[in-house]
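Below is protein_11.tsv, holding TSV, C-alpha atoms.
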chain	number	residue	atom	x	y	z
A	73	MET	CA	5.88	-8.66	-51.17
A	74	LEU	CA	2.83	-8.56	-48.87
A	75	TYR	CA	3.95	-11.71	-47.07
A	76	SER	CA	7.45	-10.32	-46.49
A	77	LEU	CA	5.87	-7.29	-44.80
A	78	LEU	CA	3.58	-9.41	-42.62
A	79	LYS	CA	6.13	-12.09	-41.77
A	80	PRO	CA	7.83	-10.27	-38.82
A	81	LEU	CA	4.42	-9.88	-37.17
A	82	LEU	CA	3.28	-13.42	-37.95
A	83	PHE	CA	6.52	-14.92	-36.66
A	84	HIS	CA	5.98	-13.13	-33.35
A	85	PHE	CA	3.09	-15.50	-32.53
A	86	ASP	CA	2.71	-19.23	-31.91
A	87	PRO	CA	3.50	-21.11	-35.16
A	88	GLU	CA	0.48	-23.39	-35.09
A	89	LYS	CA	-1.96	-20.55	-34.39
A	90	VAL	CA	-0.48	-18.59	-37.28
A	91	HIS	CA	-0.74	-21.68	-39.49
A	92	GLU	CA	-4.41	-22.12	-38.57
A	93	LEU	CA	-5.12	-18.43	-39.21
A	94	ILE	CA	-3.53	-18.51	-42.66
A	95	ILE	CA	-5.37	-21.70	-43.65
A	96	HIS	CA	-8.64	-20.13	-42.43
A	97	ILE	CA	-8.06	-16.97	-44.49
A	98	ALA	CA	-7.01	-19.03	-47.51
A	99	HIS	CA	-10.18	-21.13	-47.16
A	100	LEU	CA	-12.47	-18.09	-46.94
A	101	SER	CA	-10.71	-16.02	-49.61
A	102	PRO	CA	-9.18	-18.30	-52.26
A	103	GLN	CA	-8.93	-15.36	-54.66
A	104	ILE	CA	-6.07	-14.05	-52.54
A	105	GLY	CA	-4.15	-17.06	-53.82
A	106	LYS	CA	-4.58	-15.86	-57.38
A	107	LEU	CA	-3.73	-12.25	-56.54
A	108	THR	CA	-0.51	-13.18	-54.73
A	109	GLY	CA	0.49	-16.21	-56.80
A	110	TYR	CA	2.31	-17.01	-60.04
A	111	LYS	CA	0.22	-17.51	-63.16
A	112	HIS	CA	0.88	-20.95	-64.59
A	113	ASN	CA	3.12	-21.03	-67.64
A	114	GLN	CA	2.57	-23.86	-70.14
A	115	ARG	CA	6.32	-24.14	-70.67
A	116	LEU	CA	6.73	-25.49	-67.12
A	117	ARG	CA	4.34	-28.42	-67.49
A	118	LEU	CA	5.84	-31.88	-67.13
A	119	LYS	CA	4.69	-35.48	-66.81
A	120	ILE	CA	5.19	-37.08	-63.41
A	121	GLY	CA	3.82	-40.59	-63.27
A	122	ASN	CA	0.45	-40.46	-64.97
A	123	SER	CA	-0.16	-36.83	-64.04
A	124	ILE	CA	0.71	-33.61	-65.81
A	125	TRP	CA	2.14	-31.23	-63.23
A	126	ASN	CA	1.88	-27.50	-63.91
A	127	GLY	CA	5.49	-27.08	-62.86
A	128	PRO	CA	8.33	-28.96	-61.17
A	129	VAL	CA	7.63	-27.67	-57.65
A	130	GLY	CA	4.85	-29.37	-55.70
A	131	LEU	CA	3.44	-28.51	-52.30
A	132	ALA	CA	4.43	-31.17	-49.78
A	133	ALA	CA	1.94	-32.73	-47.41
A	134	GLY	CA	1.43	-31.14	-44.01
A	135	LEU	CA	0.59	-27.56	-44.92
A	136	ASP	CA	-3.01	-28.17	-45.95
A	137	LYS	CA	-3.68	-31.23	-43.82
A	138	ASN	CA	-7.44	-31.12	-44.20
A	139	ALA	CA	-7.79	-29.99	-47.83
A	140	GLU	CA	-9.32	-26.72	-46.66
A	141	ALA	CA	-7.43	-24.33	-48.95
A	142	LEU	CA	-6.85	-26.26	-52.17
A	143	ASP	CA	-8.32	-23.48	-54.32
A	144	PHE	CA	-5.91	-20.98	-52.77
A	145	PHE	CA	-2.82	-23.14	-53.20
A	146	SER	CA	-3.82	-24.12	-56.74
A	147	HIS	CA	-3.13	-20.52	-57.80
A	148	GLN	CA	0.18	-20.03	-55.98
A	149	GLY	CA	2.37	-21.51	-58.71
A	150	PHE	CA	2.71	-25.07	-57.48
A	151	GLY	CA	2.88	-27.89	-59.99
A	152	ALA	CA	0.78	-30.19	-57.82
A	153	ILE	CA	-0.66	-30.15	-54.30
A	154	GLU	CA	-0.43	-32.91	-51.73
A	155	PHE	CA	-2.81	-32.67	-48.79
A	156	GLY	CA	-2.95	-34.72	-45.59
A	157	THR	CA	-1.83	-36.80	-43.86
A	158	VAL	CA	-5.38	-38.25	-43.94
A	159	THR	CA	-6.37	-40.97	-41.49
A	160	LEU	CA	-9.55	-43.02	-41.50
A	161	GLN	CA	-10.87	-41.57	-38.23
A	162	PRO	CA	-10.46	-37.96	-37.08
A	163	GLN	CA	-7.41	-37.51	-34.90
A	164	LEU	CA	-6.35	-34.72	-32.53
A	165	GLY	CA	-2.64	-35.44	-32.76
A	166	ASN	CA	-0.07	-34.83	-30.04
A	167	ASP	CA	-0.18	-32.23	-27.29
A	168	ARG	CA	0.62	-28.61	-28.03
A	169	PRO	CA	2.97	-26.82	-28.48
A	170	ARG	CA	4.05	-29.00	-31.39
A	171	ILE	CA	5.50	-26.66	-34.03
A	172	PHE	CA	8.74	-24.79	-33.42
A	173	ARG	CA	10.65	-22.31	-35.59
A	174	TYR	CA	14.41	-22.06	-36.01
A	175	ILE	CA	14.48	-18.73	-37.78
A	176	PRO	CA	18.27	-18.33	-38.33
A	177	GLU	CA	18.35	-21.79	-39.93
A	178	ASN	CA	15.12	-21.38	-41.95
A	179	SER	CA	13.88	-24.59	-40.37
A	180	LEU	CA	10.94	-26.00	-38.44
A	181	ARG	CA	10.39	-28.83	-36.00
A	182	ASN	CA	7.00	-30.47	-35.61
A	183	SER	CA	5.61	-33.23	-33.43
A	184	MET	CA	2.08	-33.05	-34.81
A	185	GLY	CA	1.06	-36.73	-34.87
A	186	PHE	CA	-1.27	-36.66	-37.89
A	187	PRO	CA	-3.96	-34.26	-36.58
A	188	ASN	CA	-6.73	-34.21	-39.19
A	189	HIS	CA	-10.50	-34.13	-39.61
A	190	GLY	CA	-10.73	-37.71	-40.83
A	191	LEU	CA	-11.50	-39.30	-44.17
A	192	LEU	CA	-15.18	-38.45	-44.58
A	193	THR	CA	-14.83	-34.75	-43.78
A	194	ILE	CA	-11.81	-34.35	-46.02
A	195	GLU	CA	-13.47	-36.33	-48.83
A	196	SER	CA	-16.40	-33.90	-48.77
A	197	ARG	CA	-14.04	-31.03	-49.66
A	198	LEU	CA	-12.75	-32.61	-52.85
A	199	SER	CA	-15.69	-32.13	-55.17
A	200	ARG	CA	-14.48	-29.00	-56.94
A	201	GLU	CA	-12.86	-29.16	-60.35
A	202	LYS	CA	-9.08	-29.36	-60.17
A	203	ILE	CA	-6.79	-27.07	-62.15
A	204	ILE	CA	-3.64	-28.90	-61.01
A	205	PRO	CA	-3.08	-32.47	-59.76
A	206	PHE	CA	-3.99	-33.31	-56.18
A	207	GLY	CA	-2.27	-36.01	-54.15
A	208	ALA	CA	-3.53	-37.59	-50.93
A	209	ASN	CA	-0.94	-38.36	-48.28
A	210	ILE	CA	-2.42	-41.19	-46.20
A	211	GLY	CA	-1.52	-42.82	-42.90
A	212	LYS	CA	-2.83	-45.03	-40.15
A	213	ASN	CA	-4.56	-43.89	-36.98
A	214	LYS	CA	-2.30	-43.79	-33.95
A	215	GLU	CA	-3.88	-46.72	-32.09
A	216	SER	CA	-4.28	-49.00	-35.10
A	217	THR	CA	-2.19	-52.14	-35.42
A	218	PRO	CA	-0.26	-52.82	-38.62
A	219	GLU	CA	-2.85	-55.42	-39.61
A	220	GLU	CA	-5.71	-52.99	-38.98
A	221	SER	CA	-3.90	-50.34	-40.99
A	222	LEU	CA	-4.15	-52.46	-44.15
A	223	ASP	CA	-7.93	-52.13	-44.09
A	224	GLU	CA	-7.79	-48.48	-43.00
A	225	LEU	CA	-5.55	-47.39	-45.83
A	226	GLY	CA	-7.53	-49.47	-48.31
A	227	THR	CA	-10.74	-47.71	-47.24
A	228	ILE	CA	-9.09	-44.31	-47.67
A	229	VAL	CA	-7.85	-45.17	-51.16
A	230	ALA	CA	-11.19	-46.59	-52.27
A	231	THR	CA	-13.05	-43.52	-50.98
A	232	LEU	CA	-10.73	-40.91	-52.51
A	233	ASN	CA	-9.92	-42.78	-55.72
A	234	ASP	CA	-12.11	-40.67	-58.02
A	235	LYS	CA	-11.05	-37.37	-56.47
A	236	VAL	CA	-7.26	-37.39	-56.47
A	237	ASP	CA	-4.48	-38.02	-58.96
A	238	TYR	CA	-2.06	-39.90	-56.74
A	239	PHE	CA	-1.63	-41.44	-53.30
A	240	VAL	CA	1.36	-41.27	-50.97
A	241	VAL	CA	1.70	-43.84	-48.20
A	242	ASN	CA	3.24	-42.18	-45.16
A	243	VAL	CA	5.04	-44.70	-42.96
A	244	SER	CA	7.93	-42.35	-42.29
A	245	SER	CA	6.65	-39.64	-39.95
A	246	PRO	CA	8.58	-39.65	-36.65
A	247	ASN	CA	5.52	-38.43	-34.73
A	248	THR	CA	3.38	-41.59	-34.57
A	249	PRO	CA	4.81	-44.27	-32.27
A	250	GLY	CA	5.99	-47.31	-34.20
A	251	LEU	CA	5.12	-45.89	-37.61
A	252	ARG	CA	8.65	-45.93	-39.02
A	253	SER	CA	8.96	-49.62	-38.17
A	254	LEU	CA	6.49	-50.22	-41.03
A	255	GLN	CA	9.19	-49.31	-43.56
A	256	GLU	CA	9.78	-53.03	-44.02
A	257	PRO	CA	9.30	-55.16	-47.16
A	258	ASP	CA	6.87	-57.69	-45.66
A	259	TYR	CA	4.40	-55.06	-44.53
A	260	LEU	CA	4.80	-52.89	-47.62
A	261	ARG	CA	4.25	-55.83	-49.97
A	262	LYS	CA	0.98	-56.67	-48.24
A	263	LEU	CA	-0.13	-53.06	-48.18
A	264	PHE	CA	0.61	-52.10	-51.77
A	265	CYS	CA	-0.75	-55.36	-53.15
A	266	GLU	CA	-4.04	-54.50	-51.44
A	267	LEU	CA	-4.00	-50.89	-52.60
A	268	GLN	CA	-3.29	-51.89	-56.19
A	269	LYS	CA	-6.52	-53.88	-56.18
A	270	LEU	CA	-8.40	-50.69	-55.30
A	271	THR	CA	-6.84	-48.07	-57.56
A	272	SER	CA	-5.01	-47.55	-60.80
A	273	LYS	CA	-3.85	-44.12	-59.67
A	274	ASP	CA	-0.18	-43.39	-59.02
A	275	LEU	CA	1.12	-44.86	-55.76
A	276	TYR	CA	4.16	-43.48	-53.95
A	277	LEU	CA	6.06	-44.54	-50.86
A	278	LYS	CA	7.37	-41.71	-48.68
A	279	ILE	CA	10.52	-42.60	-46.76
A	280	ALA	CA	12.50	-41.19	-43.84
A	281	PRO	CA	15.88	-39.47	-44.21
A	282	ASP	CA	17.22	-41.35	-41.19
A	283	LEU	CA	17.31	-44.78	-42.85
A	284	GLU	CA	20.60	-46.52	-43.44
A	285	ILE	CA	21.62	-46.27	-47.09
A	286	ASP	CA	21.29	-50.04	-47.53
A	287	LYS	CA	17.66	-49.75	-46.39
A	288	VAL	CA	17.03	-46.87	-48.83
A	289	ILE	CA	18.35	-49.03	-51.66
A	290	GLU	CA	16.28	-52.01	-50.51
A	291	LEU	CA	13.08	-49.93	-50.47
A	292	ALA	CA	13.84	-48.46	-53.90
A	293	HIS	CA	14.17	-51.93	-55.40
A	294	LEU	CA	10.99	-52.94	-53.60
A	295	ALA	CA	9.15	-49.97	-55.11
A	296	HIS	CA	10.34	-51.08	-58.54
A	297	GLU	CA	9.40	-54.70	-57.86
A	298	LEU	CA	5.91	-53.69	-56.75
A	299	LYS	CA	5.52	-51.42	-59.79
A	300	LEU	CA	4.90	-48.33	-57.68
A	301	THR	CA	4.98	-45.03	-59.53
A	302	GLY	CA	7.79	-43.94	-57.28
A	303	MET	CA	9.10	-42.64	-54.00
A	304	ILE	CA	8.93	-39.34	-52.18
A	305	ALA	CA	12.14	-38.62	-50.35
A	306	THR	CA	12.23	-37.50	-47.67
A	307	ASN	CA	10.10	-36.93	-44.62
A	308	THR	CA	11.41	-34.88	-41.66
A	309	THR	CA	14.50	-35.90	-39.72
A	310	ILE	CA	14.98	-36.74	-36.07
A	311	MET	CA	17.36	-34.40	-34.23
A	312	PRO	CA	17.20	-35.34	-30.51
A	313	ALA	CA	19.19	-32.28	-29.49
A	314	LYS	CA	16.38	-30.10	-30.84
A	315	GLY	CA	13.61	-32.03	-29.10
A	316	PRO	CA	10.93	-34.56	-30.08
A	317	GLY	CA	9.46	-34.58	-33.56
A	318	GLY	CA	10.79	-34.08	-37.05
A	319	VAL	CA	12.94	-31.25	-38.39
A	320	SER	CA	12.46	-29.78	-41.87
A	321	GLY	CA	14.06	-27.00	-43.88
A	322	SER	CA	17.74	-26.15	-44.15
A	323	LEU	CA	18.66	-28.37	-41.20
A	324	LEU	CA	17.34	-31.37	-43.15
A	325	LYS	CA	19.04	-30.50	-46.42
A	326	LEU	CA	22.30	-32.49	-46.24
A	327	LYS	CA	20.66	-35.64	-44.92
A	328	ALA	CA	17.87	-35.49	-47.51
A	329	ARG	CA	20.35	-34.82	-50.31
A	330	LYS	CA	22.25	-38.01	-49.49
A	331	VAL	CA	19.01	-39.99	-49.89
A	332	HIS	CA	18.18	-38.15	-53.14
A	333	GLU	CA	21.60	-39.00	-54.57
A	334	THR	CA	21.29	-42.63	-53.53
A	335	LEU	CA	17.89	-43.07	-55.15
A	336	LEU	CA	18.65	-41.20	-58.36
A	337	ASN	CA	22.01	-42.91	-58.85
A	338	LEU	CA	20.22	-46.28	-58.93
A	339	LYS	CA	18.66	-45.22	-62.27
A	340	LEU	CA	15.56	-47.29	-61.58
A	341	PRO	CA	12.50	-46.64	-63.78
A	342	ILE	CA	10.53	-45.03	-60.96
A	343	GLU	CA	9.77	-41.41	-60.16
A	344	VAL	CA	11.78	-39.86	-57.33
A	345	ILE	CA	10.14	-36.70	-55.98
A	346	CYS	CA	12.72	-34.91	-53.85
A	347	VAL	CA	11.85	-33.06	-50.65
A	348	GLY	CA	13.99	-31.61	-47.90
A	349	GLY	CA	15.74	-28.24	-47.69
A	350	ILE	CA	14.85	-27.17	-51.24
A	351	SER	CA	14.51	-23.41	-51.39
A	352	ASN	CA	15.70	-22.07	-54.77
A	353	VAL	CA	16.27	-22.90	-58.42
A	354	GLU	CA	19.87	-24.01	-57.78
A	355	ASP	CA	18.58	-26.72	-55.45
A	356	ILE	CA	16.24	-27.88	-58.22
A	357	LYS	CA	19.03	-27.84	-60.81
A	358	SER	CA	21.09	-30.09	-58.56
A	359	ILE	CA	18.20	-32.57	-58.63
A	360	TRP	CA	18.00	-32.32	-62.42
A	361	ARG	CA	21.76	-32.89	-62.64
A	362	MET	CA	21.31	-36.23	-60.88
A	363	GLY	CA	18.45	-37.27	-63.15
A	364	GLY	CA	15.48	-36.13	-61.09
A	365	LYS	CA	12.55	-34.08	-62.34
A	366	ALA	CA	10.22	-32.84	-59.60
A	367	VAL	CA	10.53	-31.56	-56.04
A	368	GLN	CA	8.25	-30.55	-53.21
A	369	VAL	CA	8.55	-27.69	-50.74
A	370	TYR	CA	6.97	-26.86	-47.42
A	371	THR	CA	9.28	-25.07	-44.98
A	372	ALA	CA	10.77	-22.72	-47.57
A	373	TYR	CA	7.22	-21.68	-48.49
A	374	VAL	CA	6.46	-20.99	-44.81
A	375	PHE	CA	9.51	-18.74	-44.59
A	376	GLU	CA	9.20	-17.01	-47.98
A	377	GLY	CA	5.53	-17.19	-48.94
A	378	PRO	CA	4.30	-16.74	-52.53
A	379	ASP	CA	7.53	-15.01	-53.58
A	380	LEU	CA	9.27	-18.40	-53.40
A	381	LEU	CA	7.20	-19.81	-56.28
A	382	LYS	CA	7.38	-16.61	-58.30
A	383	LYS	CA	11.16	-16.49	-58.13
A	384	ILE	CA	11.73	-20.19	-58.81
A	385	ASN	CA	9.33	-20.33	-61.76
A	386	LYS	CA	10.69	-17.13	-63.30
A	387	ASP	CA	14.26	-18.42	-62.88
A	388	ILE	CA	13.32	-21.63	-64.69
A	389	ILE	CA	11.76	-19.69	-67.58
A	390	GLN	CA	14.97	-17.64	-67.83
A	391	PHE	CA	16.98	-20.87	-67.85
A	392	LEU	CA	14.85	-22.23	-70.72
A	393	ASP	CA	15.20	-18.98	-72.68
A	394	LYS	CA	18.95	-18.81	-72.17
A	395	ASN	CA	19.37	-22.32	-73.57
A	396	ASN	CA	16.84	-21.97	-76.41
A	397	LEU	CA	14.64	-24.68	-74.93
A	398	ILE	CA	10.99	-24.82	-75.93
A	399	ASP	CA	9.80	-26.03	-72.55
A	400	LEU	CA	10.80	-27.98	-69.47
A	401	ASN	CA	9.72	-31.28	-70.96
A	402	GLN	CA	12.21	-30.81	-73.81
A	403	PHE	CA	15.03	-30.29	-71.31
A	404	LEU	CA	14.04	-33.19	-69.04
A	405	SER	CA	13.72	-35.53	-72.03
A	406	LEU	CA	17.39	-35.05	-72.93
A	407	PRO	CA	19.92	-37.78	-72.07
A	408	LEU	CA	21.41	-37.10	-68.66
A	409	GLU	CA	24.84	-36.22	-70.05
A	410	ASP	CA	23.25	-33.53	-72.26
A	411	ARG	CA	21.29	-32.18	-69.31
A	412	VAL	CA	24.47	-31.89	-67.29
A	413	LYS	CA	26.31	-30.09	-70.13
A	414	ILE	CA	23.56	-27.46	-70.25
A	415	LEU	CA	23.43	-27.11	-66.47
A	416	ASP	CA	27.22	-26.74	-66.25
A	417	GLN	CA	27.34	-23.89	-68.75
A	418	PRO	CA	28.41	-20.57	-67.14
Conversion result in structure tokens:
Amino acid sequence: MLYSLLKPLLFHFDPEKVHELIIHIAHLSPQIGKLTGYKHNQRLRLKIGNSIWNGPVGLAAGLDKNAEALDFFSHQGFGAIEFGTVTLQPQLGNDRPRIFRYIPENSLRNSMGFPNHGLLTIESRLSREKIIPFGANIGKNKESTPEESLDELGTIVATLNDKVDYFVVNVSSPNTPGLRSLQEPDYLRKLFCELQKLTSKDLYLKIAPDLEIDKVIELAHLAHELKLTGMIATNTTIMPAKGPGGVSGSLLKLKARKVHETLLNLKLPIEVICVGGISNVEDIKSIWRMGGKAVQVYTAYVFEGPDLLKKINKDIIQFLDKNNLIDLNQFLSLPLEDRVKILDQP
């Protein structure tokens, strides 16, 4: 309610300055997160990889790039929090302005370029006890070569290994020159083989929505071959007519959904965490209908604030009650055809 009252004022100012202000307030006053958030309900807990999420809706990377407001976001009603993208060395990112709102379409465009405080500063913020799983989204510095990035990402994983629950390799942002060209089997085999020597934590590959479907399928089979925990699909999409950078929110929805369907229809024994244009419980049910379990949000949270998590989580509890289900795990453990029968009930 408070956010809905403040939103018209906040949206009057530069998006990045508003983002920085909110992160600063959230860092200084984490209790506001508890006051405005959704109290975790045990019935929403579910197993994703080797982690127990507090609910099916995670916070996608990009909102808390520098792990400055993890306490705040831990109390908002998210099932898990992904911070970053973290690079080995601090990085300023691309020139401003680099975040743009499309208010009628509930969408954003960003050309950030991995601005972050660097590994050591971010690592120093991760000492507090976690109440929900944390994931580290990791990427290479802008000037690093692919070969150099193998060592960089290995150093990040080794340093953060004891402080996070999972890692996400980001080779799919459109805002670092040449980064998306690393979505190739040869490079990914080298990278993940090195990372698996350094951690037993869950490893995910985050992919772009602009890949050809054959490439999506190839990378899914590669993830299975390499015994990754799973894939996060998708990153932002390129829309040249809008300008440089990646577009998220409702404008990404159809393209992301095609990738979600492709991955889930393969029925591979890997986790598929779905991102892109998800903004309500019906979007989540469509993922469940295809065999998925968990999603992440970012842009919808920017537009709706804490009310987004409150409404989604309450709607899921009502869904469980209506169908006499003990908890979400019971529902997601059902054979897919039984899931679909329940979801298709009027």
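Note that the spacing between CA of Gln161 in chain A and CA of Gly185 in chain A amounts to 13.3 Å.
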task: Tell me which protein, DNA and RNA residues are within 10 Å of range 83-90 of chain A, counting only C-alpha atoms, leaving out same-chain ones fewer than 4 positions away, and put them as an MDAnalysis selection string.
output: chainID A and resid 78:79 94:96 168:173 175 180 182 184 375
Atoms to include: C-alpha atoms. Write the selected residues as a CSV table (one decimal), in the frame of the given file.
chain,number,residue,atom,x,y,z
A,78,LEU,CA,3.6,-9.4,-42.6
A,79,LYS,CA,6.1,-12.1,-41.8
A,94,ILE,CA,-3.5,-18.5,-42.7
A,95,ILE,CA,-5.4,-21.7,-43.6
A,96,HIS,CA,-8.6,-20.1,-42.4
A,168,ARG,CA,0.6,-28.6,-28.0
A,169,PRO,CA,3.0,-26.8,-28.5
A,170,ARG,CA,4.0,-29.0,-31.4
A,171,ILE,CA,5.5,-26.7,-34.0
A,172,PHE,CA,8.7,-24.8,-33.4
A,173,ARG,CA,10.6,-22.3,-35.6
A,175,ILE,CA,14.5,-18.7,-37.8
A,180,LEU,CA,10.9,-26.0,-38.4
A,182,ASN,CA,7.0,-30.5,-35.6
A,184,MET,CA,2.1,-33.0,-34.8
A,375,PHE,CA,9.5,-18.7,-44.6
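If you measure from each of A:Gly151, A:Pro218, A:Gly156, A:Pro205 to Ala366 in chain A using only C-alpha atoms, the closest one turns out to be A:Gly151.
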6 Å per side around range 238-248 of chain A: axis-aligned box centre and edge lengths, as JSON:
{"center_x": 3.3, "center_y": -41.6, "center_z": -45.7, "size_x": 22.6, "size_y": 18.3, "size_z": 34.2}
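Nearest to Pro316 in chain A of all the residues A:Pro246, A:Pro128, A:Gly364, A:Gly302 is A:Pro246, based on only C-alpha atoms.
Omitting Asn401 in chain A and its sequence neighbours fewer than 3 positions away, and counting only C-alpha atoms, the residues within 8 Å are Arg115, Leu116, Arg117, Leu118, Lys119, Leu404 and Ser405 of chain A.
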message: Just checking: using all atoms listed in the file, which residue out of A:Glu409, A:Asp379, A:Asp387, A:Asp234 ends up closest to Arg361 in chain A?
response: A:Glu409
query: If I put a ball of radius 12 Å at (11.3, -22.7, -60.3) in the file's coordinates, which residues poke into it when counting only C-alpha atoms, written as a ChimeraX atom specification?
result: /A:110,112-113,115-117,126-130,149-151,350-357,360,365-369,379-392,400
field: Residue neighbourhood Pro257 in chain A, 9 Å, all atoms listed in the file, exclusion window fewer than 6 positions, as a ChimeraX atom specification
entry: /A:290-291,294
message: Applying 12 Å and only C-alpha atoms, which residues near Leu107 in chain A remain after dropping the ones on its own chain fewer than 6 positions away? List them as a PyMOL selection string.
response: chain A and resi 73-74+98+101+144-149+378-379
query: So which residues touch Ser272 in chain A within 10 Å, counting all atoms listed in the file, skipping near sequence neighbours fewer than 5 positions away, as a PyMOL selection string?
result: chain A and resi 122+233+237-238+267
field: Minimum-distance residue to Leu164 in chain A, chosen among A:Pro249, A:Pro176, A:Gly207, A:Gly190 (using only C-alpha atoms)
entry: A:Gly190
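The closest residue to Ala230 in chain A, picked from A:Thr108, A:Gln163, A:Thr271, A:Asn307 and counting all atoms listed in the file, is A:Thr271.
Closest approach to Arg411 in chain A from the set A:Gly377, A:Gly321, A:Pro187, A:Gly363 is made by A:Gly363, with distances taken over only C-alpha atoms.
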task: Go ahead and compute the interatomic distance for CA of Thr159 in chain A and CA of Asn178 in chain A, in Å to one decimal.
output: 29.1 Å
message: Within 10 Å of (12.9, -51.8, -43.2) in the file's own coordinates, which protein, DNA or RNA residues have an atom, counting all atoms listed in the file? List them as JSON, numbers by chain.
response: {"A": [252, 253, 254, 255, 256, 257, 258, 259, 260, 283, 284, 286, 287, 288, 290, 291]}
statement: Computed gap from CA of Glu266 in chain A to CA of Gly226 in chain A is 6.9 Å
Using the atoms already present, construct N, CA and C atoms for range 324-339 of chain A and hand them back as a PDB file, keeping the file's coordinate frame.
ATOM      1  N   LEU A 324      17.557 -30.036 -42.563  1.00  0.00           N
ATOM      2  CA  LEU A 324      17.340 -31.370 -43.150  1.00  0.00           C
ATOM      3  C   LEU A 324      18.115 -31.560 -44.450  1.00  0.00           C
ATOM      4  N   LYS A 325      18.576 -30.495 -45.035  1.00  0.00           N
ATOM      5  CA  LYS A 325      19.040 -30.500 -46.420  1.00  0.00           C
ATOM      6  C   LYS A 325      20.123 -31.546 -46.716  1.00  0.00           C
ATOM      7  N   LEU A 326      21.185 -31.580 -45.941  1.00  0.00           N
ATOM      8  CA  LEU A 326      22.300 -32.490 -46.240  1.00  0.00           C
ATOM      9  C   LEU A 326      21.883 -33.945 -46.131  1.00  0.00           C
ATOM     10  N   LYS A 327      21.094 -34.259 -45.106  1.00  0.00           N
ATOM     11  CA  LYS A 327      20.660 -35.640 -44.920  1.00  0.00           C
ATOM     12  C   LYS A 327      19.712 -36.060 -46.048  1.00  0.00           C
ATOM     13  N   ALA A 328      18.788 -35.179 -46.411  1.00  0.00           N
ATOM     14  CA  ALA A 328      17.870 -35.490 -47.510  1.00  0.00           C
ATOM     15  C   ALA A 328      18.623 -35.633 -48.820  1.00  0.00           C
ATOM     16  N   ARG A 329      19.605 -34.780 -49.055  1.00  0.00           N
ATOM     17  CA  ARG A 329      20.350 -34.820 -50.310  1.00  0.00           C
ATOM     18  C   ARG A 329      21.076 -36.152 -50.484  1.00  0.00           C
ATOM     19  N   LYS A 330      21.583 -36.707 -49.402  1.00  0.00           N
ATOM     20  CA  LYS A 330      22.250 -38.010 -49.490  1.00  0.00           C
ATOM     21  C   LYS A 330      21.278 -39.082 -49.953  1.00  0.00           C
ATOM     22  N   VAL A 331      20.033 -39.027 -49.463  1.00  0.00           N
ATOM     23  CA  VAL A 331      19.010 -39.990 -49.890  1.00  0.00           C
ATOM     24  C   VAL A 331      18.644 -39.745 -51.349  1.00  0.00           C
ATOM     25  N   HIS A 332      18.492 -38.467 -51.744  1.00  0.00           N
ATOM     26  CA  HIS A 332      18.180 -38.150 -53.140  1.00  0.00           C
ATOM     27  C   HIS A 332      19.250 -38.736 -54.073  1.00  0.00           C
ATOM     28  N   GLU A 333      20.502 -38.500 -53.731  1.00  0.00           N
ATOM     29  CA  GLU A 333      21.600 -39.000 -54.570  1.00  0.00           C
ATOM     30  C   GLU A 333      21.569 -40.517 -54.662  1.00  0.00           C
ATOM     31  N   THR A 334      21.334 -41.164 -53.545  1.00  0.00           N
ATOM     32  CA  THR A 334      21.290 -42.630 -53.530  1.00  0.00           C
ATOM     33  C   THR A 334      20.212 -43.157 -54.459  1.00  0.00           C
ATOM     34  N   LEU A 335      19.013 -42.605 -54.341  1.00  0.00           N
ATOM     35  CA  LEU A 335      17.890 -43.070 -55.150  1.00  0.00           C
ATOM     36  C   LEU A 335      18.098 -42.790 -56.629  1.00  0.00           C
ATOM     37  N   LEU A 336      18.519 -41.575 -56.955  1.00  0.00           N
ATOM     38  CA  LEU A 336      18.650 -41.200 -58.360  1.00  0.00           C
ATOM     39  C   LEU A 336      19.820 -41.915 -59.031  1.00  0.00           C
ATOM     40  N   ASN A 337      20.867 -42.203 -58.270  1.00  0.00           N
ATOM     41  CA  ASN A 337      22.010 -42.910 -58.850  1.00  0.00           C
ATOM     42  C   ASN A 337      21.693 -44.367 -59.177  1.00  0.00           C
ATOM     43  N   LEU A 338      20.622 -44.909 -58.609  1.00  0.00           N
ATOM     44  CA  LEU A 338      20.220 -46.280 -58.930  1.00  0.00           C
ATOM     45  C   LEU A 338      19.663 -46.390 -60.352  1.00  0.00           C
ATOM     46  N   LYS A 339      19.192 -45.267 -60.893  1.00  0.00           N
ATOM     47  CA  LYS A 339      18.660 -45.220 -62.270  1.00  0.00           C
ATOM     48  C   LYS A 339      17.500 -46.207 -62.476  1.00  0.00           C
TER      49      LYS A 339
END
